[in-house]
$ cat work21.cif   # mmCIF, C-alpha atoms
data_coords
loop_
_atom_site.label_atom_id
_atom_site.label_comp_id
_atom_site.auth_asym_id
_atom_site.auth_seq_id
_atom_site.Cartn_x
_atom_site.Cartn_y
_atom_site.Cartn_z
CA MET A 24 22.55 -38.36 -12.22
CA LYS A 25 22.05 -34.61 -12.47
CA THR A 26 18.87 -33.26 -10.95
CA GLN A 27 17.22 -29.88 -10.41
CA THR A 28 14.12 -28.84 -8.43
CA VAL A 29 12.48 -25.52 -9.28
CA PRO A 30 9.21 -23.81 -8.28
CA ALA A 31 6.47 -23.38 -10.87
CA TYR A 32 4.58 -20.20 -9.94
CA ALA A 33 0.89 -19.62 -10.72
CA LYS A 34 -0.43 -16.47 -12.39
CA LEU A 35 -3.45 -14.20 -12.10
CA ASN A 36 -4.98 -12.04 -14.82
CA LEU A 37 -5.38 -8.48 -13.61
CA THR A 38 -7.00 -7.72 -16.96
CA LEU A 39 -8.08 -9.91 -19.86
CA ASP A 40 -9.47 -8.47 -23.08
CA ILE A 41 -10.34 -10.28 -26.32
CA LEU A 42 -9.70 -7.97 -29.28
CA GLY A 43 -11.03 -10.30 -31.98
CA LYS A 44 -10.47 -13.52 -33.88
CA ARG A 45 -7.39 -13.76 -36.08
CA PRO A 46 -7.10 -15.32 -39.55
CA ASP A 47 -5.09 -18.20 -38.03
CA GLY A 48 -8.05 -19.14 -35.82
CA TYR A 49 -6.52 -17.84 -32.59
CA HIS A 50 -7.88 -14.83 -30.72
CA GLU A 51 -5.98 -11.57 -30.28
CA LEU A 52 -5.64 -10.90 -26.57
CA ARG A 53 -4.49 -8.04 -24.39
CA MET A 54 -3.84 -8.94 -20.75
CA VAL A 55 -1.91 -7.86 -17.71
CA MET A 56 -0.64 -10.95 -15.91
CA GLN A 57 0.93 -11.27 -12.50
CA THR A 58 3.00 -14.05 -10.92
CA VAL A 59 1.88 -15.14 -7.45
CA SER A 60 3.59 -17.23 -4.79
CA LEU A 61 1.30 -20.28 -5.05
CA CYS A 62 3.45 -22.86 -6.80
CA ASP A 63 4.03 -26.46 -7.80
CA ASP A 64 7.41 -28.11 -7.27
CA VAL A 65 9.04 -29.54 -10.39
CA THR A 66 12.00 -31.91 -10.19
CA VAL A 67 13.86 -32.77 -13.39
CA THR A 68 16.49 -35.52 -13.45
CA LEU A 69 18.73 -36.53 -16.35
CA THR A 70 18.85 -40.33 -16.61
CA ASP A 71 20.94 -42.89 -18.49
CA GLY A 72 17.99 -43.95 -20.62
CA THR A 73 16.07 -42.23 -23.40
CA GLY A 74 12.73 -40.49 -23.60
CA VAL A 75 10.70 -38.55 -21.06
CA ALA A 76 9.10 -40.12 -17.98
CA CYS A 77 6.72 -38.24 -15.71
CA ARG A 78 4.99 -38.80 -12.37
CA VAL A 79 2.53 -36.52 -10.58
CA ALA A 80 1.74 -36.16 -6.87
CA GLY A 81 -1.24 -34.17 -5.62
CA ALA A 82 -3.47 -34.38 -8.70
CA GLU A 83 -4.84 -36.85 -11.22
CA LEU A 84 -3.12 -35.78 -14.43
CA PRO A 85 -1.91 -37.60 -17.56
CA CYS A 86 1.81 -38.23 -17.89
CA ASP A 87 2.06 -38.23 -21.68
CA GLU A 88 2.14 -35.34 -24.17
CA ARG A 89 -1.21 -34.12 -22.85
CA ASN A 90 0.80 -32.93 -19.86
CA LEU A 91 2.51 -29.66 -20.81
CA ALA A 92 5.54 -30.55 -18.69
CA VAL A 93 6.19 -33.58 -20.90
CA LYS A 94 5.45 -31.56 -24.02
CA ALA A 95 7.95 -28.92 -22.89
CA ALA A 96 10.68 -31.50 -22.29
CA ASN A 97 10.16 -32.95 -25.76
CA ALA A 98 10.19 -29.46 -27.32
CA PHE A 99 13.45 -28.65 -25.53
CA CYS A 100 15.05 -31.89 -26.70
CA GLU A 101 13.96 -31.28 -30.28
CA ALA A 102 15.20 -27.68 -30.27
CA LEU A 103 18.63 -28.57 -28.85
CA GLY A 104 19.10 -32.03 -30.31
CA TYR A 105 19.27 -33.67 -26.90
CA HIS A 106 18.66 -37.44 -26.85
CA GLY A 107 19.21 -38.45 -23.20
CA GLY A 108 16.61 -39.61 -20.71
CA ILE A 109 14.57 -37.13 -18.66
CA ASP A 110 12.57 -37.91 -15.54
CA ILE A 111 10.01 -35.33 -14.32
CA THR A 112 8.27 -35.29 -10.94
CA LEU A 113 5.46 -32.78 -10.39
CA THR A 114 4.19 -31.96 -6.90
CA LYS A 115 0.93 -30.14 -7.57
CA ARG A 116 -0.56 -27.32 -5.51
CA ILE A 117 -1.94 -25.06 -8.24
CA PRO A 118 -5.51 -26.19 -8.94
CA SER A 119 -6.23 -27.60 -12.39
CA GLU A 120 -8.74 -25.99 -14.78
CA ALA A 121 -8.55 -22.78 -12.76
CA GLY A 122 -7.16 -20.15 -15.15
CA MET A 123 -3.96 -19.94 -13.10
CA ALA A 124 -1.61 -21.46 -15.73
CA GLY A 125 -0.75 -24.51 -13.64
CA GLY A 126 0.19 -26.64 -16.64
CA SER A 127 2.05 -23.77 -18.30
CA ALA A 128 3.92 -23.02 -15.07
CA ASP A 129 5.05 -26.65 -14.87
CA ALA A 130 6.17 -26.52 -18.50
CA ALA A 131 8.15 -23.34 -17.90
CA ALA A 132 9.77 -24.86 -14.81
CA VAL A 133 10.82 -27.90 -16.85
CA LEU A 134 12.37 -25.61 -19.46
CA ARG A 135 14.28 -23.63 -16.82
CA ALA A 136 15.52 -26.80 -15.16
CA LEU A 137 16.63 -28.35 -18.45
CA ARG A 138 18.48 -25.17 -19.37
CA ASP A 139 20.35 -25.27 -16.05
CA LEU A 140 21.19 -28.95 -16.51
CA ILE A 141 22.00 -29.08 -20.22
CA ALA A 142 22.47 -25.63 -21.79
CA PRO A 143 23.15 -22.95 -19.14
CA THR A 144 24.10 -20.34 -21.75
CA LEU A 145 20.69 -20.53 -23.46
CA THR A 146 19.06 -17.09 -23.38
CA ASP A 147 15.69 -16.28 -21.85
CA GLU A 148 14.48 -15.25 -25.30
CA ARG A 149 15.33 -18.66 -26.76
CA LEU A 150 13.67 -20.40 -23.83
CA GLU A 151 10.51 -18.32 -24.30
CA GLU A 152 10.56 -19.14 -28.01
CA ILE A 153 10.63 -22.87 -27.20
CA GLY A 154 7.91 -22.30 -24.61
CA ALA A 155 5.63 -20.61 -27.16
CA ARG A 156 5.54 -23.90 -29.12
CA VAL A 157 4.19 -25.62 -26.00
CA GLY A 158 1.44 -23.19 -24.96
CA SER A 159 0.48 -19.53 -25.12
CA ASP A 160 1.04 -18.89 -21.39
CA VAL A 161 4.39 -20.66 -21.20
CA PRO A 162 6.55 -17.66 -22.24
CA PHE A 163 4.96 -15.59 -19.48
CA CYS A 164 5.60 -18.35 -16.96
CA VAL A 165 9.24 -18.52 -18.09
CA ARG A 166 9.63 -14.77 -17.54
CA GLY A 167 7.25 -14.14 -14.60
CA GLY A 168 6.64 -10.90 -12.74
CA THR A 169 4.18 -8.28 -14.01
CA GLN A 170 3.77 -8.37 -17.79
CA LEU A 171 1.56 -7.02 -20.55
CA ALA A 172 0.76 -10.03 -22.74
CA GLU A 173 -0.51 -9.58 -26.30
CA GLY A 174 -1.03 -11.71 -29.38
CA ARG A 175 -2.02 -15.18 -28.18
CA GLY A 176 -0.38 -14.22 -24.88
CA GLU A 177 3.16 -14.95 -26.01
CA ARG A 178 4.15 -11.33 -26.87
CA LEU A 179 5.33 -9.83 -23.59
CA THR A 180 6.21 -6.36 -22.36
CA ALA A 181 7.77 -6.09 -18.90
CA LEU A 182 5.97 -3.67 -16.58
CA ARG A 183 6.88 -2.03 -13.32
CA ASN A 184 6.36 -4.52 -10.50
CA ALA A 185 2.87 -4.35 -9.05
CA PRO A 186 2.37 -3.02 -5.50
CA ARG A 187 2.56 -5.65 -2.77
CA LEU A 188 -0.89 -7.22 -2.67
CA TYR A 189 -2.35 -10.43 -1.30
CA ALA A 190 -4.84 -12.52 -3.25
CA ALA A 191 -7.55 -14.73 -1.81
CA VAL A 192 -8.13 -17.29 -4.57
CA CYS A 193 -11.37 -19.30 -4.60
CA LYS A 194 -11.72 -22.33 -6.90
CA PRO A 195 -15.27 -23.67 -7.28
CA ASP A 196 -15.85 -27.35 -7.96
CA PHE A 197 -16.50 -27.09 -11.70
CA PRO A 198 -14.23 -26.68 -14.72
CA ILE A 199 -14.76 -24.12 -17.48
CA SER A 200 -13.95 -24.95 -21.10
CA THR A 201 -11.57 -22.38 -22.58
CA PRO A 202 -12.39 -23.27 -26.24
CA ALA A 203 -16.12 -23.04 -25.46
CA LEU A 204 -15.69 -19.58 -23.92
CA PHE A 205 -13.75 -18.35 -26.94
CA GLN A 206 -16.52 -19.66 -29.20
CA ARG A 207 -19.13 -17.88 -27.09
CA SER A 208 -17.09 -14.66 -27.24
CA ASP A 209 -17.35 -14.75 -31.04
CA ARG A 210 -21.15 -14.68 -30.82
CA VAL A 211 -21.66 -11.79 -28.39
CA ALA A 212 -20.77 -8.11 -28.26
CA LEU A 213 -18.25 -7.56 -25.47
CA THR A 214 -19.41 -4.24 -24.04
CA ASP A 215 -17.69 -4.05 -20.64
CA ARG A 216 -14.01 -4.18 -21.50
CA PRO A 217 -11.12 -3.59 -19.11
CA ASP A 218 -9.36 -0.24 -19.26
CA THR A 219 -5.94 -1.78 -19.68
CA ALA A 220 -4.28 1.60 -20.32
CA ALA A 221 -5.55 2.88 -16.97
CA LEU A 222 -4.30 -0.21 -15.19
CA LEU A 223 -0.89 0.23 -16.83
CA ALA A 224 -0.86 3.84 -15.56
CA ALA A 225 -1.74 2.62 -12.06
CA LEU A 226 1.16 0.17 -12.17
CA GLU A 227 3.55 2.86 -13.33
CA ALA A 228 2.41 5.10 -10.45
CA GLY A 229 2.54 2.27 -7.91
CA ASP A 230 -1.09 3.08 -7.01
CA ALA A 231 -2.71 -0.05 -5.52
CA ALA A 232 -6.17 1.52 -5.20
CA ALA A 233 -6.21 2.62 -8.85
CA LEU A 234 -4.95 -0.81 -9.90
CA CYS A 235 -7.74 -2.58 -8.02
CA ALA A 236 -10.32 -0.26 -9.56
CA LYS A 237 -9.36 -1.46 -13.06
CA VAL A 238 -9.17 -5.25 -12.55
CA LYS A 239 -11.53 -6.88 -15.07
CA ASN A 240 -11.93 -10.01 -17.24
CA VAL A 241 -14.17 -10.06 -20.33
CA PHE A 242 -14.57 -13.83 -20.12
CA GLU A 243 -16.99 -13.27 -17.25
CA GLN A 244 -19.44 -11.78 -19.76
CA VAL A 245 -19.64 -14.94 -21.87
CA LEU A 246 -19.99 -17.56 -19.14
CA PRO A 247 -23.06 -19.82 -19.30
CA ASP A 248 -25.76 -18.54 -16.95
CA GLY A 249 -25.23 -21.07 -14.15
CA GLN A 250 -21.47 -20.57 -14.09
CA ARG A 251 -21.82 -16.79 -14.28
CA THR A 252 -24.14 -16.81 -11.28
CA ARG A 253 -21.67 -18.88 -9.24
CA ILE A 254 -18.71 -16.69 -10.22
CA GLU A 255 -20.66 -13.53 -9.31
CA ASP A 256 -21.62 -15.06 -5.96
CA ILE A 257 -17.95 -15.73 -5.16
CA LYS A 258 -16.97 -12.20 -6.20
CA ARG A 259 -19.64 -10.71 -3.93
CA ALA A 260 -18.48 -12.90 -1.04
CA LEU A 261 -14.88 -11.75 -1.51
CA LEU A 262 -15.90 -8.10 -1.60
CA ALA A 263 -18.04 -8.60 1.50
CA SER A 264 -14.96 -10.09 3.19
CA GLY A 265 -12.97 -6.92 2.55
CA ALA A 266 -11.39 -7.45 -0.88
CA GLU A 267 -10.69 -4.24 -2.77
CA CYS A 268 -11.68 -5.93 -6.04
CA ALA A 269 -12.62 -9.37 -7.31
CA ALA A 270 -12.47 -11.04 -10.71
CA MET A 271 -12.13 -14.38 -12.45
CA THR A 272 -8.62 -15.22 -13.64
CA GLY A 273 -7.99 -16.45 -17.19
CA SER A 274 -10.85 -18.57 -18.46
CA GLY A 275 -11.64 -19.64 -14.89
CA SER A 276 -12.99 -21.08 -12.85
CA ALA A 277 -10.83 -19.57 -10.07
CA VAL A 278 -11.84 -16.16 -8.72
CA PHE A 279 -9.53 -13.88 -6.75
CA GLY A 280 -9.93 -10.90 -4.46
CA LEU A 281 -7.09 -8.49 -3.69
CA PHE A 282 -6.16 -7.31 -0.19
CA ARG A 283 -3.55 -4.93 1.24
CA GLU A 284 -3.02 -7.01 4.40
CA GLU A 285 -2.17 -10.70 4.75
CA ASP A 286 -4.33 -11.18 7.86
CA ALA A 287 -7.42 -9.94 6.03
CA CYS A 288 -6.66 -12.18 3.07
CA ARG A 289 -6.25 -15.25 5.26
CA ALA A 290 -9.43 -14.43 7.17
CA ALA A 291 -11.36 -14.24 3.90
CA CYS A 292 -9.96 -17.58 2.76
CA GLY A 293 -10.95 -19.18 6.04
CA ALA A 294 -14.45 -17.73 5.91
CA LEU A 295 -15.10 -18.83 2.33
CA ARG A 296 -13.50 -22.29 2.41
CA SER A 297 -16.01 -25.12 1.97
CA ALA A 298 -16.42 -28.54 0.39
CA GLU A 299 -17.42 -26.80 -2.85
CA LEU A 300 -14.80 -24.04 -2.73
CA GLN A 301 -11.02 -24.47 -2.44
CA THR A 302 -9.31 -21.33 -1.14
CA PHE A 303 -5.68 -20.19 -1.22
CA CYS A 304 -3.97 -17.10 0.19
CA THR A 305 -1.11 -16.02 -2.04
CA ILE A 306 0.99 -12.90 -2.69
CA PHE A 307 2.24 -11.03 -5.75
CA VAL A 308 5.87 -11.92 -6.54
#
$ encode --input "work21.cif" --output "structure tokens"
Amino acid sequence: MKTQTVPAYAKLNLTLDILGKRPDGYHELRMVMQTVSLCDDVTVTLTDGTGVACRVAGAELPCDERNLAVKAANAFCEALGYHGGIDITLTKRIPSEAGMAGGSADAAAVLRALRDLIAPTLTDERLEEIGARVGSDVPFCVRGGTQLAEGRGERLTALRNAPRLYAAVCKPDFPISTPALFQRSDRVALTDRPDTAALLAALEAGDAAALCAKVKNVFEQVLPDGQRTRIEDIKRALLASGAECAAMTGSGSAVFGLFREEDACRAACGALRSAELQTFCTIFV
């Protein structure tokens, strides 16, 4: 049996802006996204049977089409006319319902593994196209790095790699509903938008301080009051621990603070870790 194990890297949103609702019901987004070293391990094995089987270690997740890894395998098979058996094992480290693209990262890792095992000449562009059918963040997770993401998030522009920064990620013990936040965003005026152009200029200049000054996520403005208070508390704690900036990633609920030095990042994670707050120290990759 042929098998492949690949890492599935998480992402952080350095900016997230909602430009409006589209006629197709989706929202037009403009975001700068960054791959970080926190990852799941994804093992894909080709079997003698048929269909897709999945098992998960480290989290309680479904193993049917609700799991984006399974959905990605089925999309790959449909696109390439492959009818053999596929076994997927996910070892989870990326927290769920965190805004870190854990499910999308797993899906992208499945696509990369299946390409290596079945169709090694398949282009990145074709793989991203298949990934876009699975989820809006999957093309980014296929490509990785530092990217401007537009449209639903699937339209990518490669950017200069971000300066070397460490992120202290704090995940509170509550989920946030992405559809509910989008609905709330339709009912309020978003007045404090990220200056994405300035952040792009900071990236081009390799200026870490200017980058940190422009990190922002409009979803924070539309959180329900209790969740907004908790997110703001975590941001203040990160800043008090020496972070140069702090923001929620994606639709949350994870919050990150950026540091120049690994020791300071790890110290912040240790100081903030509690029963109600998972913490992770990770680095831009």
$ resolve_selection --input "work21.cif" --expression "the PyMOL selection byres ((chain A and resi 218-221) around 12)" --output "PyMOL selection string"
chain A and resi 36-41+52-56+170-173+214-217+222-228+230+232-241
$ resolve_selection --input "work21.cif" --expression "the PyMOL selection byres ((chain A and resi 63) around 7)" --output "list in words"
Pro30, Ala31, Tyr32, Cys62, Asp64, Val65, Leu113, Thr114, Lys115, Arg116 and Ile117 of chain A
$ resolve_selection --input "work21.cif" --expression "the PyMOL selection byres ((chain A and resi 150) around 12)" --output "PyMOL selection string"
chain A and resi 95-96+98-100+102-103+130-139+142-149+151-157+161-166
$ closest_residue --input "work21.cif" --among "A:Thr58, A:Gly122, A:Ile257, A:Gln27" --to "Ser297 of chain A" --atoms "all atoms listed in the file"
A:Ile257
$ closest_residue --input "work21.cif" --among "A:Gly125, A:Glu299, A:Val67, A:Val245" --to "Ala82 of chain A" --atoms "only C-alpha atoms"
A:Gly125
$ closest_residue --input "work21.cif" --among "A:Cys304, A:Ala287, A:Ile254, A:Leu69" --to "Thr26 of chain A" --atoms "all atoms listed in the file"
A:Leu69
$ atom_distance --input "work21.cif" --atom1 "atom CA of Arg253 of chain A" --atom2 "atom CA of Pro85 of chain A"
28.5 Å
